[in-house]
Amino acid sequence: MEYEIVIGMEIHIELGTKTKIFCSCPTEFGQDENTHTCPVCLGMPGVLPVLNEKVVEYATRAGLALNCEIAHFSKMDRKNYFYPDLPKAYQTSQFDLPICTGGVVGIEVDGVKKDIGITRIHIEEDAGKLLHESADGTLLDVNRCGVPLIEIVTEPDLRSAEEARAFAEKVRNILEYTGVSDCKMEQGSMRFDVNLSIREKGSEVLGTRTEMKNLNSFRALIRAVQYESKRQIIELKKGHTIIQETRKWDDTKGTSSSLRSKEEAHDYRYFPEPDLVPIVLEPAYIEKIKSELPELPEAKKQRYIDEYKLPEYDAGVLTTTGVTARFFEDAVALYNEPKQISNWMMVEIPPLLKENEVSMENISITPAQLVELLKLVKNNEISGNTGKEVLKEMFSTGKNPGDIVKEKGLAQMSDTGELEAIIEKIVSDNPKSVEDIGAGNEKAYGFLTGQVMKATKGKANAQVANEIIRAVVAKHLA
Amino acid sequence: MELYQKTIHEINDLLDKKEVTVTDVTQAVVNRINAVEKATDAYLSLQTEAALEAAQGLDAELSGRAKRTSLEGIPYGLKDNMCTKGILTTCASKMLYNFNPPYNAEVYDRLSEEGGILLGKTNMDEFAMGSSTENSAYKKTRNPWDLNKVPGGSSGGSAVAVAADTAFYTLGSDTGGSIRQPASFCGVVGMKPTYGLVSRYGLVAFASSLDQIGPFTKDVEDCALVLNAIVGHDAKDSTSLNLEKTDYTQTLKQGVKGLKIGVAKEFFGEGLQPEVRKSLEDAIAIYKTLGASIVDVSFQHLDYALSAYYMISSAEASSNLARYDGIRYGFRAEEYSDLVDLYKKTRSQGFGDEVKRRIMLGTYALSSGYYDAYYKKAMQVRTIIKADFDQVFGGCDVLLTPTAPTTAFGIGEKTSNPLEMYLTDIYTVPVNIAGIPGVSIPCGLDNNGMPIGMQLLGPILSEETLLKTAWAFEHESGLTNLKAPLGTEV
């Protein structure tokens, strides 16, 4: 029997607002424990929430970017459960009337395009963090309490780990573009829950699903989906039934285990939050946010193909993040060689970023500096290889390429007189090579070129040097 | 008349004429507290020394100043569910026995700004759940008209402090009648303003969609003065109404000529004490002589109000009180084996029976599978009750009802029967359900000399009309600043 994996995702994204959802505490990540707190986010008796308008704006923007309908009337609800990281013992969220419904995101896996439906997006608050590793027992950090989140819930439209990943990446890409979140997975700004079930291929009926919570990286997402789909298929093949349950993914072990069954599932006792008024959005407000949306990745990619004549692949890579796209566009504005710029941005820069664990956002090279470097290469002032060396230096020092070339004396030798003298000497010193060439072994040219480069410390203009070598060898053979 | 027996506006006259100092006034009320508080037990905690100190400071300041605001230097009390920075705020619960809020309730900030002098925090039913103040974890407050009777609740301490002259005014909170019913039992004026008129910030929540802060005073004019100080938009409370400031004393004495006062038979039903009925009939007669017209009105669905109230208030309470888990502040059980055990023991030991009863009731009403039948149904009833009031106020300006079916009952009389206790709120809860304002004023005494309360209700934001109507009766009947037979030393 052939099986089909059916996946629906829930993606939690921390919004990049300066302050929390219901109080004016900062949302900044990585601060000392319990320094960004106040009576409101601590859930003290008698305090009241006030909804941060930016949260509504960002959620609206996210919804529009993901092709959702924005509700003119939505409301906040309380989701009740006890846990020490939840000071009020309820999470203020949205239940039956979320701010966004019915969106769609296009993905592409192995050249196959597909639309993934978005059921809804709702606004909610994040919980705090429990620190279990302390010698004093479990400690509570409330800084994250009240950091605004949106939860994106998809239709069960995904069919593989690769599709799940492509979808997650696409969402990250779009939201990062719209500026509603930095989507930094390592800081927990983007987290995935996966609902997964298996059914016989061709069946219209959904199988029993399990839910896996809090996957914090694309790697964890892929591995969790692969593991869970395999586990369920094995169970089914054994003739077992799948138990509806919440499972916990252990990323270190690469396995999942049951957290709680359907029977043990919380009854959240949702009801409308009486301390907040409904969110009523005028059509004009929604239109305004729509008109202010930046060009989204899809449109940008198409424009790069049309306007800059870039291959689809290049256009796709360059539009992966807003930061990369902005860098590219700034560079092209200064130097109308899109393909050249694209090549360097796609081939030379990524390894530097990876090696030094720097993100494109924090790169020390400016678009203007990259353009300057490209012009030096184009004008034969330095070779391509030297250019790569200069780029490394720019990356680590932030210096201008021209200054680096000057300082290190890297300018290319194109002066034929000077080169002729050096080549004359090398050819004279290597009669064996000349002999080989005479015997028809063209490879010996390569050796001679290498010697020239060695003698000039790579500064010789390779094309000029080759012409001279041929002339001098010809003279010697004559 | 002793200084402590006077109303705010009488004290204002004396202070403005510099015939007395704030210290004189404060000392007088502190002496009164020292004399009778042990008999009435209105307060959970007292700030008398700080009050006297503040009074002296204010006197020094006022000596160089011509004008003072109308609550400046007037000593008052706050129900112990309003947060006061650095001053214990217990909600009369063991759960918050040691809770010192690091912030103030908005009303406390406003009264401080007005130059009010806080005397102490008053007793109440635990977390404002109850109708007799017997659910306090700390003490039983006694009715100054008969020390063997309850003061009503949940704001019993606040009502008694005013009735026993141990404060010139107090604030209470009213979720289903918790200001009006004790005001009625203790023979003072008590008002629940329109929902959203007074900020709830820093009022420890019982049922967020019903809770409203309001004043207890010795007469209607004082009620207007206190209302002036506490009403106003607060950005910290999303349900706070943003309206232009009103001076409630402006229209107070305009009279009721031409006013249509509605009387509904649904408020004069079974269980109404005959003297209460008689007293109300007398009040109606007085209004007629004052030129008001009395009209018969009727409700379609009022019978369901009490049930809906207990569903909604308990549901909200079950969520509002979930934060008392022993993790961050307040009471924590001493011994526990794990997290769940910590929760269970803390909440079992920290809450009293009535609070636990409501939490269980509310949790049940919100549970999956019961939500539609209980909470949702109750919310639908709420909509219908609101419509009922809209329809009634289409035919009259003010509705006149008894505040409670009976006068104050005996201490311990209803504690074993929660349902009977709940029925004492039958005439007050529909008001909270509809979010409209209501005021209770004394309208007579029963055969045992216990005060009877009359409730005046009006549509949303009709406070001026209500106060005007109340003042006219008070003025004509002379039932004002009533003195309980408490003596000068108990």
# chains A, B, ... in the order shown; residues from 1 in each chain; ligands from 1
>>> closest_atom_pairs(of="chain B", to="chain A", cutoff="7 Å", atoms="only C-alpha atoms", output="JSON lines")
{"residue": "B:Tyr201", "atom": "CA", "partner": "A:Val47", "partner_atom": "CA", "distance": 5.6}
{"residue": "B:Gly202", "atom": "CA", "partner": "A:Gly46", "partner_atom": "CA", "distance": 4.2}
{"residue": "B:Leu203", "atom": "CA", "partner": "A:Gly46", "partner_atom": "CA", "distance": 4.7}
{"residue": "B:Val204", "atom": "CA", "partner": "A:Gly46", "partner_atom": "CA", "distance": 3.7}
{"residue": "B:Ala205", "atom": "CA", "partner": "A:Gly46", "partner_atom": "CA", "distance": 5.5}
{"residue": "B:Ser208", "atom": "CA", "partner": "A:Pro274", "partner_atom": "CA", "distance": 5.8}
{"residue": "B:Ser209", "atom": "CA", "partner": "A:Pro274", "partner_atom": "CA", "distance": 5.4}
{"residue": "B:Lys236", "atom": "CA", "partner": "A:Val50", "partner_atom": "CA", "distance": 6.3}
{"residue": "B:Asp237", "atom": "CA", "partner": "A:Leu48", "partner_atom": "CA", "distance": 6.1}
{"residue": "B:Ser238", "atom": "CA", "partner": "A:Leu276", "partner_atom": "CA", "distance": 5.6}
{"residue": "B:Thr239", "atom": "CA", "partner": "A:Leu276", "partner_atom": "CA", "distance": 6.6}
{"residue": "B:Ser319", "atom": "CA", "partner": "A:Asn80", "partner_atom": "CA", "distance": 6.8}
{"residue": "B:Ala322", "atom": "CA", "partner": "A:Ala89", "partner_atom": "CA", "distance": 5.5}
{"residue": "B:Arg323", "atom": "CA", "partner": "A:Lys88", "partner_atom": "CA", "distance": 4.6}
{"residue": "B:Ile327", "atom": "CA", "partner": "A:Pro84", "partner_atom": "CA", "distance": 6.7}
{"residue": "B:Leu366", "atom": "CA", "partner": "A:Arg269", "partner_atom": "CA", "distance": 5.1}
{"residue": "B:Ser367", "atom": "CA", "partner": "A:Arg269", "partner_atom": "CA", "distance": 5.3}
{"residue": "B:Ser368", "atom": "CA", "partner": "A:Asp267", "partner_atom": "CA", "distance": 6.4}
>>> residues_around(residues="Ala315 (chain A)", least_positions_apart="5", cutoff="9 Å", atoms="only C-alpha atoms", output="PyMOL selection string")
chain A and resi 300-305+310+320+342
>>> write_last_selection(atoms="C-alpha atoms", output="mmCIF file, in the first residue's frame")
data_model
loop_
_atom_site.group_PDB
_atom_site.id
_atom_site.type_symbol
_atom_site.label_atom_id
_atom_site.label_comp_id
_atom_site.auth_asym_id
_atom_site.auth_seq_id
_atom_site.Cartn_x
_atom_site.Cartn_y
_atom_site.Cartn_z
ATOM 1 C CA LYS A 300 10.646 40.948 -6.607
ATOM 2 C CA LYS A 301 11.957 37.693 -8.029
ATOM 3 C CA GLN A 302 9.934 38.158 -11.196
ATOM 4 C CA ARG A 303 11.163 41.723 -11.506
ATOM 5 C CA TYR A 304 14.805 40.581 -11.194
ATOM 6 C CA ILE A 305 14.196 38.130 -14.021
ATOM 7 C CA LEU A 310 18.887 37.301 -14.125
ATOM 8 C CA THR A 320 15.417 35.021 -0.136
ATOM 9 C CA SER A 342 24.720 38.508 -8.476
#
>>> select_by_dssp(residues="region 78-168 of chain A", states="strand (DSSP E or B)", output="PyMOL selection string")
chain A and resi 78-80+90-93+100-109+112-125+129-131+139-141+148-154+158
>>> select_by_dssp(residues="region 6-175 of chain B", states="helix (DSSP H, G or I)", output="PyMOL selection string")
chain B and resi 8-16+22-40+48-62+94-96+106-113+126-128+156-163
>>> residues_around(residues="Asn242 (chain B)", least_positions_apart="2", cutoff="9 Å", atoms="only C-alpha atoms", output="list in words")
Gly196, Leu197, Gly232, His233, Asp234, Ala235, Ser240 and Glu244 of chain B
>>> write_last_selection(atoms="N, CA and C atoms", output="CSV table (one decimal), in the first residue's frame")
chain,number,residue,atom,x,y,z
B,196,GLY,N,-17.6,51.3,33.3
B,196,GLY,CA,-16.6,52.1,32.5
B,196,GLY,C,-16.4,53.5,32.9
B,197,LEU,N,-17.3,54.0,33.8
B,197,LEU,CA,-17.2,55.4,34.2
B,197,LEU,C,-16.0,55.6,35.2
B,232,GLY,N,-13.7,59.4,35.3
B,232,GLY,CA,-12.8,60.0,34.3
B,232,GLY,C,-12.1,58.9,33.6
B,233,HIS,N,-11.8,59.2,32.3
B,233,HIS,CA,-11.1,58.2,31.5
B,233,HIS,C,-9.7,57.9,32.0
B,234,ASP,N,-9.4,56.6,31.9
B,234,ASP,CA,-8.1,56.1,32.3
B,234,ASP,C,-7.5,55.2,31.1
B,235,ALA,N,-6.4,55.6,30.5
B,235,ALA,CA,-5.9,54.9,29.4
B,235,ALA,C,-5.4,53.5,29.8
B,240,SER,N,-12.6,51.7,30.0
B,240,SER,CA,-12.9,53.0,30.6
B,240,SER,C,-13.5,53.9,29.5
B,244,GLU,N,-16.3,63.7,28.3
B,244,GLU,CA,-16.0,65.0,28.9
B,244,GLU,C,-16.4,64.9,30.4
>>> closest_residue(among="B:Asp146, B:Glu420, B:Asp390, B:Glu464", to="Ala434 (chain B)", atoms="only C-alpha atoms")
B:Asp390
>>> residues_around(residues="Gly120 (chain B)", least_positions_apart="6", cutoff="8 Å", atoms="only C-alpha atoms", output="list in words")
Tyr43, Leu44, Ser45, Leu46, Gln47, Thr48, Tyr76, Gly77 and Leu78 of chain B
>>> atom_distance(atom1="CA of Leu479 (chain B)", atom2="CA of Lys218 (chain B)")
10.3 Å
>>> residues_around(residues="region 458-475 of chain A", least_positions_apart="3", cutoff="7 Å", atoms="only C-alpha atoms", output="PDB file with C-alpha atoms, in the first residue's frame")
ATOM      1  CA  SER A 383      42.701  39.856 -11.172  1.00  0.00           C
ATOM      2  CA  LEU A 410      48.005  44.058  -5.203  1.00  0.00           C
ATOM      3  CA  ALA A 411      47.582  46.058  -8.395  1.00  0.00           C
ATOM      4  CA  GLN A 412      47.913  43.878 -11.468  1.00  0.00           C
ATOM      5  CA  MET A 413      51.048  44.019 -13.601  1.00  0.00           C
ATOM      6  CA  SER A 414      50.038  44.882 -17.160  1.00  0.00           C
ATOM      7  CA  LEU A 419      56.623  41.473 -17.587  1.00  0.00           C
ATOM      8  CA  GLU A 420      58.800  40.744 -20.657  1.00  0.00           C
ATOM      9  CA  ILE A 423      59.230  36.127 -18.556  1.00  0.00           C
ATOM     10  CA  GLU A 424      62.462  36.226 -20.563  1.00  0.00           C
ATOM     11  CA  VAL A 427      61.848  30.937 -20.094  1.00  0.00           C
ATOM     12  CA  VAL A 434      60.535  25.081 -23.996  1.00  0.00           C
ATOM     13  CA  THR A 449      52.385  30.732 -16.428  1.00  0.00           C
ATOM     14  CA  MET A 453      52.465  34.246 -11.289  1.00  0.00           C
ATOM     15  CA  LYS A 454      54.767  33.007  -8.573  1.00  0.00           C
ATOM     16  CA  ALA A 478      63.005  29.595 -33.532  1.00  0.00           C
TER      17      ALA A 478
END
